[in-house]
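Undergrad: Got a structure here, written out as structure tokens. Questions coming.
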2 protein chains.
Amino acid sequence: MRLLIVEDEKRLALSLAKGLTAEGYAVDVVHDGREGLDRATTEPYDLVILDIMLPGLNGYRVCAALRAAGHDVPILMLTAKDGEYDEAEGLDTGADDYLTKPFSYVVLVARVKALLRRRRTAGASPVHVHGDLKVDTAARRVWLGEEEAELTAKEFSVLEHLVLRAGEVVSKADILEHVWDFAYEGDPNIVEVYVSALRRKLRADLIRTVRGAGYRLETAP
Amino acid sequence: MRLLIVEDEKRLALSLAKGLTAEGYAVDVVHDGREGLDRATTEPYDLVILDIMLPGLNGYRVCAALRAAGHDVPILMLTAKDGEYDEAEGLDTGADDYLTKPFSYVVLVARVKALLRRRRTAGASPVHVHGDLKVDTAARRVWLGEEEAELTAKEFSVLEHLVLRAGEVVSKADILEHVWDFAYEGDPNIVEVYVSALRRKLRADLIRTVRGAGYRLETAP
DNA sequence: CCTCGACGATCAGGAGTCGCATGGGACCCA
DNA sequence: TGGGTCCCATGCGACTCCTGATCGTCGAGG
């Protein structure tokens, strides 16, 4: 799951990014509206956290422009508490939810999770079952049969991405784009390393290699 | 399409059942949470309409129990408008959508249809069937009858291109352009090589040669 | 009906690519 | 400072892909 934070208050942006990264999300941060719009249109984010008061292009306009361009990525607006900006206007321009500053970090995470779950296309349940594999994306826990597997954050993210598209072939480039953030420029070998780890910790035949195309999580055992 | 209604207000439950039956759905009704959970785990429903305030086991717990058991049937929650129950909590436990009482019948039907549609489009990958040939482009898998065929990346690409234009004659130049780099300058014999491989791995008469023009995937056996 | 030429099919082998495993180093957090 | 995660690099093994050559087949015209 990959998030974009568009927020010009750098301290806030940084602390959010840090916290959400710790939750296991891949997080990118930009500080003005124009760049936020560029990024959101070119990179595959699962959610955008969008401040309203921004240099360059304000949050409303970024939001409206995204919707106009046909992007339906969930957008969580951050509004100032003084009511100078209207939350209803935010929802009107196509935002999915809003949060009034100041807010607690716990609330933010809850909203983010709720939005991701609500918008998820492939079955809204946070629990995915394929054969004897069970993945709880909300709790970030994995079971193989009765046994729970201990995965690292990245391992889980890779597995999550495969599970969300179970049965389909997912290319390494696709996994890279969704699981790693913008700053990453390494080679796709890293995906192989993580798939290898998942096979070792789970079961080797769970993730099939489709040579020249990518990986596929097997649905039928 | 088979629906389960778990709702203890018998008048409401009955009127919903009647209406949805008229829409062409097969509808079962139960009046308490425990029985709802039993039914939902043992019978194959396409959607569950679940009231929150229920005798026996409340809606949240039914929903959570279903998810925990690995069922990903779409769940539409019915919540009381007084906010005594939290809609966010409903979504947290794994519901797909919620509706606040009182609601109009039209809205309910719309939501039901939307949920069923969302599920269908999400799960369905583009599968092409021609005679006993089945090609799943998302999974990159090919079956001939019951037997799955193992194709290499290039073989699959060539077949995919033919399948997308099934019944039409596709020239070798056309295949070259789409499957190979546009800059490819090798000789067209390469296409013949791959068609040959496909015939060997699938069935010889599946791909017809049209001398001087190209190849055609047979649609009728 | 036969012949010949052009087009297509098939085969095998080597070059190159792709994927896997592994170990080590950088970094972070306790 | 120590444990753990994450990323990088390397070497190996296996498979794919393409080339070129030979063989087969179709069909038009003599």
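We name chains A, B, ... following the order of the structure tokens; residues begin at 1 in each chain, and ligands are numbered from 1 as shown.
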Find the residues of chain A in contact range of chain D, meaning any atom within 9 Å when counting only C-alpha atoms (C1' of nucleotides), and list them as JSON, numbers by chain.

TA: {"A": [152, 153, 154, 186, 190, 211]}

Undergrad: State the Cα RMSD (Å, one decimal) obtained when chain B is least-squares superposed onto chain A, all Cα atoms paired in order.

TA: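 Root-mean-square deviation of the C-alpha atoms: 17.6 Å.
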
Undergrad: Report, in Å to a single decimal, how far apart atom CA of Val169 of chain A and atom CA of Asp38 of chain A are.

TA: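 Distance reported for this atom pair: 28.1 Å.
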
Undergrad: Tell me which of B:Ala26, B:Val193, B:Leu66, B:Leu202 sits closest to chain A, counting only C-alpha atoms.

TA: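 The shortest atom-to-atom distance to chain A comes from B:Leu66.
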
Undergrad: Considering only strand (DSSP E or B) as DSSP defines it on the backbone, what residues of chain B qualify? List them as a count of residues only.

TA: 49

Undergrad: Please report, as a tab-separated table, each residue of chain B lying at most 6 Å from chain A, together with the nearest pair of atoms and the separation in Å rounded to one decimal; use only C-alpha atoms, and order rows by chain and ascending residue number.

TA:
residue	atom	partner	partner_atom	distance
B:Gly70	CA	A:Val129	CA	5.7
B:Gly94	CA	A:Ser125	CA	4.9
B:Asp96	CA	A:Ala124	CA	5.5
B:Ala122	CA	A:Ala122	CA	5.2
B:Ala138	CA	A:Glu168	CA	5.1
B:Ala139	CA	A:Glu168	CA	4.0
B:Ala153	CA	A:Gly212	CA	5.7

Undergrad: Please save C-alpha atoms of the selected residues as a PDB file, in the first residue's frame.

TA:
ATOM      1  CA  GLY B  70     -12.526 -16.736   5.957  1.00  0.00           C
ATOM      2  CA  GLY B  94     -15.356  -6.203   7.560  1.00  0.00           C
ATOM      3  CA  ASP B  96     -18.682  -3.787   2.611  1.00  0.00           C
ATOM      4  CA  ALA B 122     -13.528  -7.461  -9.187  1.00  0.00           C
ATOM      5  CA  ALA B 138      -4.675 -11.754 -16.327  1.00  0.00           C
ATOM      6  CA  ALA B 139      -3.425 -15.023 -14.918  1.00  0.00           C
ATOM      7  CA  ALA B 153       6.115 -15.672 -22.441  1.00  0.00           C
TER       8      ALA B 153
END

Undergrad: One decimal, in Å: what's the spacing between atom CA of Leu16 of chain B and atom CA of Phe103 of chain B?

TA: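 Rounded to one decimal, the two atoms are 11.3 Å apart.
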
Undergrad: Residues of chain C no more than 12 Å from chain A, counting only C-alpha atoms (C1' of nucleotides): send them over as an NGL selection string.

TA: :C and (17-22 or 28-29)

Undergrad: Atom CA of Leu144 of chain B and atom CA of Asp132 of chain B, how far apart in Å?

TA: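 These two atoms are separated by 5.6 Å.
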
Undergrad: Mind checking DSSP for segment 19-203 of chain A and telling me the alpha helix (DSSP H) residues as a compact mmCIF listing (two decimals) with N, CA and C atoms, in the first residue's frame?

TA:
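Final output, part-v9.txt:
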# COMPACT_ATOMS: atom_id res chain seq x y z
N GLY A 19 5.33 7.88 10.87
CA GLY A 19 4.37 7.00 11.51
C GLY A 19 3.75 6.01 10.55
N LEU A 20 3.35 6.51 9.39
CA LEU A 20 2.68 5.64 8.42
C LEU A 20 3.65 4.62 7.83
N THR A 21 4.90 5.02 7.70
CA THR A 21 5.90 4.07 7.25
C THR A 21 6.03 2.93 8.26
N ALA A 22 5.99 3.32 9.53
CA ALA A 22 6.08 2.30 10.58
C ALA A 22 4.89 1.35 10.53
N GLY A 33 1.31 21.91 -4.08
CA GLY A 33 0.16 21.37 -4.80
C GLY A 33 0.48 20.90 -6.20
N ARG A 34 1.26 21.69 -6.90
CA ARG A 34 1.60 21.34 -8.27
C ARG A 34 2.30 19.99 -8.35
N GLU A 35 3.30 19.83 -7.46
CA GLU A 35 4.04 18.57 -7.49
C GLU A 35 3.16 17.42 -7.02
N GLY A 36 2.28 17.72 -6.05
CA GLY A 36 1.36 16.69 -5.59
C GLY A 36 0.51 16.16 -6.72
N LEU A 37 0.01 17.08 -7.52
CA LEU A 37 -0.83 16.69 -8.65
C LEU A 37 -0.04 15.85 -9.66
N ASP A 38 1.17 16.30 -9.93
CA ASP A 38 2.02 15.56 -10.87
C ASP A 38 2.23 14.13 -10.40
N ARG A 39 2.64 14.02 -9.15
CA ARG A 39 2.91 12.70 -8.60
C ARG A 39 1.67 11.82 -8.63
N ALA A 40 0.58 12.38 -8.17
CA ALA A 40 -0.64 11.58 -8.04
C ALA A 40 -1.13 11.08 -9.38
N THR A 41 -0.80 11.83 -10.44
CA THR A 41 -1.27 11.39 -11.75
C THR A 41 -0.31 10.39 -12.39
N THR A 42 0.94 10.39 -11.93
CA THR A 42 1.91 9.53 -12.61
C THR A 42 2.29 8.28 -11.83
N GLY A 59 -5.43 22.65 -2.16
CA GLY A 59 -5.91 21.27 -2.08
C GLY A 59 -7.17 21.03 -2.89
N TYR A 60 -8.08 21.97 -2.84
CA TYR A 60 -9.32 21.81 -3.62
C TYR A 60 -9.01 21.61 -5.09
N ARG A 61 -8.13 22.44 -5.57
CA ARG A 61 -7.87 22.40 -7.00
C ARG A 61 -7.11 21.14 -7.40
N VAL A 62 -6.21 20.70 -6.52
CA VAL A 62 -5.52 19.44 -6.79
C VAL A 62 -6.55 18.32 -6.86
N CYS A 63 -7.42 18.32 -5.87
CA CYS A 63 -8.44 17.28 -5.79
C CYS A 63 -9.34 17.31 -7.03
N ALA A 64 -9.81 18.48 -7.36
CA ALA A 64 -10.71 18.60 -8.51
C ALA A 64 -10.01 18.19 -9.80
N ALA A 65 -8.75 18.58 -9.92
CA ALA A 65 -8.00 18.25 -11.12
C ALA A 65 -7.81 16.73 -11.24
N LEU A 66 -7.54 16.10 -10.11
CA LEU A 66 -7.37 14.65 -10.13
C LEU A 66 -8.65 13.96 -10.58
N ARG A 67 -9.77 14.40 -10.01
CA ARG A 67 -11.05 13.78 -10.38
C ARG A 67 -11.37 14.04 -11.84
N ALA A 68 -11.07 15.25 -12.27
CA ALA A 68 -11.35 15.60 -13.67
C ALA A 68 -10.54 14.72 -14.61
N GLU A 87 -15.29 22.36 4.76
CA GLU A 87 -15.13 20.93 4.57
C GLU A 87 -16.10 20.39 3.53
N ALA A 88 -17.29 20.96 3.49
CA ALA A 88 -18.27 20.51 2.51
C ALA A 88 -17.73 20.74 1.09
N GLU A 89 -17.05 21.86 0.92
CA GLU A 89 -16.48 22.12 -0.40
C GLU A 89 -15.46 21.05 -0.76
N GLY A 90 -14.73 20.62 0.25
CA GLY A 90 -13.76 19.56 0.02
C GLY A 90 -14.44 18.30 -0.51
N LEU A 91 -15.51 17.91 0.15
CA LEU A 91 -16.21 16.70 -0.28
C LEU A 91 -16.82 16.90 -1.66
N ASP A 92 -17.26 18.13 -1.90
CA ASP A 92 -17.84 18.44 -3.21
C ASP A 92 -16.84 18.26 -4.34
N TYR A 105 -2.82 11.32 15.93
CA TYR A 105 -2.23 10.38 14.98
C TYR A 105 -3.06 9.11 14.87
N VAL A 106 -3.60 8.70 16.01
CA VAL A 106 -4.41 7.48 16.02
C VAL A 106 -5.62 7.62 15.11
N VAL A 107 -6.26 8.79 15.18
CA VAL A 107 -7.44 9.02 14.35
C VAL A 107 -7.06 9.00 12.87
N LEU A 108 -5.95 9.63 12.55
CA LEU A 108 -5.51 9.64 11.16
C LEU A 108 -5.34 8.22 10.63
N VAL A 109 -4.64 7.40 11.38
CA VAL A 109 -4.40 6.03 10.94
C VAL A 109 -5.72 5.29 10.76
N ALA A 110 -6.64 5.52 11.68
CA ALA A 110 -7.94 4.85 11.59
C ALA A 110 -8.66 5.27 10.30
N ARG A 111 -8.62 6.56 9.99
CA ARG A 111 -9.28 7.04 8.78
C ARG A 111 -8.62 6.47 7.53
N VAL A 112 -7.32 6.46 7.55
CA VAL A 112 -6.58 5.92 6.40
C VAL A 112 -6.98 4.47 6.17
N LYS A 113 -6.99 3.71 7.24
CA LYS A 113 -7.34 2.30 7.10
C LYS A 113 -8.76 2.12 6.61
N ALA A 114 -9.66 2.94 7.17
CA ALA A 114 -11.07 2.83 6.76
C ALA A 114 -11.22 3.14 5.28
N LEU A 115 -10.53 4.18 4.83
CA LEU A 115 -10.64 4.55 3.41
C LEU A 115 -10.07 3.46 2.51
N LEU A 116 -8.94 2.93 2.90
CA LEU A 116 -8.33 1.89 2.08
C LEU A 116 -9.23 0.67 2.00
N ARG A 117 -9.85 0.36 3.11
CA ARG A 117 -10.72 -0.82 3.13
C ARG A 117 -11.96 -0.57 2.29
N ARG A 118 -12.53 0.62 2.47
CA ARG A 118 -13.76 0.90 1.76
C ARG A 118 -13.56 0.88 0.26
N ARG A 119 -12.43 1.42 -0.18
CA ARG A 119 -12.22 1.54 -1.59
C ARG A 119 -11.65 0.30 -2.26
N ALA A 153 7.94 -6.15 7.69
CA ALA A 153 7.02 -5.20 7.07
C ALA A 153 7.04 -5.31 5.55
N LYS A 154 8.21 -5.34 4.98
CA LYS A 154 8.32 -5.39 3.53
C LYS A 154 7.81 -6.72 2.99
N GLU A 155 8.17 -7.78 3.67
CA GLU A 155 7.68 -9.08 3.25
C GLU A 155 6.16 -9.07 3.21
N PHE A 156 5.57 -8.51 4.25
CA PHE A 156 4.11 -8.47 4.28
C PHE A 156 3.54 -7.63 3.15
N SER A 157 4.16 -6.51 2.90
CA SER A 157 3.66 -5.63 1.84
C SER A 157 3.68 -6.33 0.49
N VAL A 158 4.74 -7.05 0.23
CA VAL A 158 4.82 -7.77 -1.04
C VAL A 158 3.73 -8.83 -1.10
N LEU A 159 3.59 -9.56 -0.02
CA LEU A 159 2.55 -10.60 0.02
C LEU A 159 1.16 -9.97 -0.14
N GLU A 160 0.95 -8.87 0.55
CA GLU A 160 -0.35 -8.20 0.48
C GLU A 160 -0.68 -7.83 -0.97
N HIS A 161 0.30 -7.30 -1.65
CA HIS A 161 0.05 -6.90 -3.03
C HIS A 161 -0.29 -8.10 -3.90
N LEU A 162 0.37 -9.20 -3.65
CA LEU A 162 0.07 -10.41 -4.41
C LEU A 162 -1.32 -10.95 -4.05
N VAL A 163 -1.64 -10.89 -2.78
CA VAL A 163 -2.93 -11.42 -2.32
C VAL A 163 -4.08 -10.61 -2.89
N LEU A 164 -3.90 -9.29 -2.95
CA LEU A 164 -4.96 -8.45 -3.48
C LEU A 164 -5.23 -8.74 -4.94
N LYS A 172 7.12 -7.66 -11.73
CA LYS A 172 8.03 -7.12 -10.72
C LYS A 172 7.98 -5.60 -10.70
N ALA A 173 7.84 -5.01 -11.86
CA ALA A 173 7.74 -3.55 -11.93
C ALA A 173 6.51 -3.07 -11.16
N ASP A 174 5.43 -3.80 -11.31
CA ASP A 174 4.20 -3.45 -10.62
C ASP A 174 4.37 -3.55 -9.11
N ILE A 175 4.99 -4.60 -8.67
CA ILE A 175 5.23 -4.77 -7.23
C ILE A 175 6.11 -3.64 -6.73
N LEU A 176 7.16 -3.35 -7.49
CA LEU A 176 8.06 -2.26 -7.11
C LEU A 176 7.30 -0.95 -6.94
N GLU A 177 6.47 -0.64 -7.89
CA GLU A 177 5.74 0.63 -7.87
C GLU A 177 4.80 0.75 -6.69
N HIS A 178 4.22 -0.38 -6.29
CA HIS A 178 3.22 -0.30 -5.23
C HIS A 178 3.80 -0.47 -3.83
N VAL A 179 4.88 -1.20 -3.74
CA VAL A 179 5.39 -1.50 -2.41
C VAL A 179 6.54 -0.57 -2.02
N ASN A 189 15.73 -6.93 -8.74
CA ASN A 189 16.24 -8.10 -8.03
C ASN A 189 15.72 -8.12 -6.60
N ILE A 190 15.45 -6.94 -6.08
CA ILE A 190 14.98 -6.84 -4.69
C ILE A 190 13.66 -7.57 -4.52
N VAL A 191 12.83 -7.54 -5.54
CA VAL A 191 11.56 -8.26 -5.47
C VAL A 191 11.80 -9.75 -5.39
N GLU A 192 12.76 -10.21 -6.17
CA GLU A 192 13.10 -11.63 -6.14
C GLU A 192 13.54 -12.04 -4.75
N VAL A 193 14.31 -11.15 -4.13
CA VAL A 193 14.79 -11.46 -2.78
C VAL A 193 13.62 -11.64 -1.82
N TYR A 194 12.62 -10.77 -1.93
CA TYR A 194 11.50 -10.86 -1.00
C TYR A 194 10.57 -12.02 -1.31
N VAL A 195 10.40 -12.30 -2.58
CA VAL A 195 9.59 -13.47 -2.93
C VAL A 195 10.27 -14.72 -2.40
N SER A 196 11.57 -14.73 -2.53
CA SER A 196 12.33 -15.86 -2.02
C SER A 196 12.11 -16.03 -0.52
N ALA A 197 12.13 -14.92 0.20
CA ALA A 197 11.92 -14.96 1.64
C ALA A 197 10.52 -15.48 1.98
N LEU A 198 9.54 -15.00 1.22
CA LEU A 198 8.16 -15.43 1.46
C LEU A 198 8.00 -16.93 1.23
N ARG A 199 8.64 -17.41 0.18
CA ARG A 199 8.55 -18.84 -0.10
C ARG A 199 9.17 -19.65 1.03
N ARG A 200 10.24 -19.13 1.56
CA ARG A 200 10.91 -19.84 2.64
C ARG A 200 10.05 -19.84 3.90
N LYS A 201 9.46 -18.69 4.21
CA LYS A 201 8.68 -18.60 5.45
C LYS A 201 7.29 -19.22 5.32
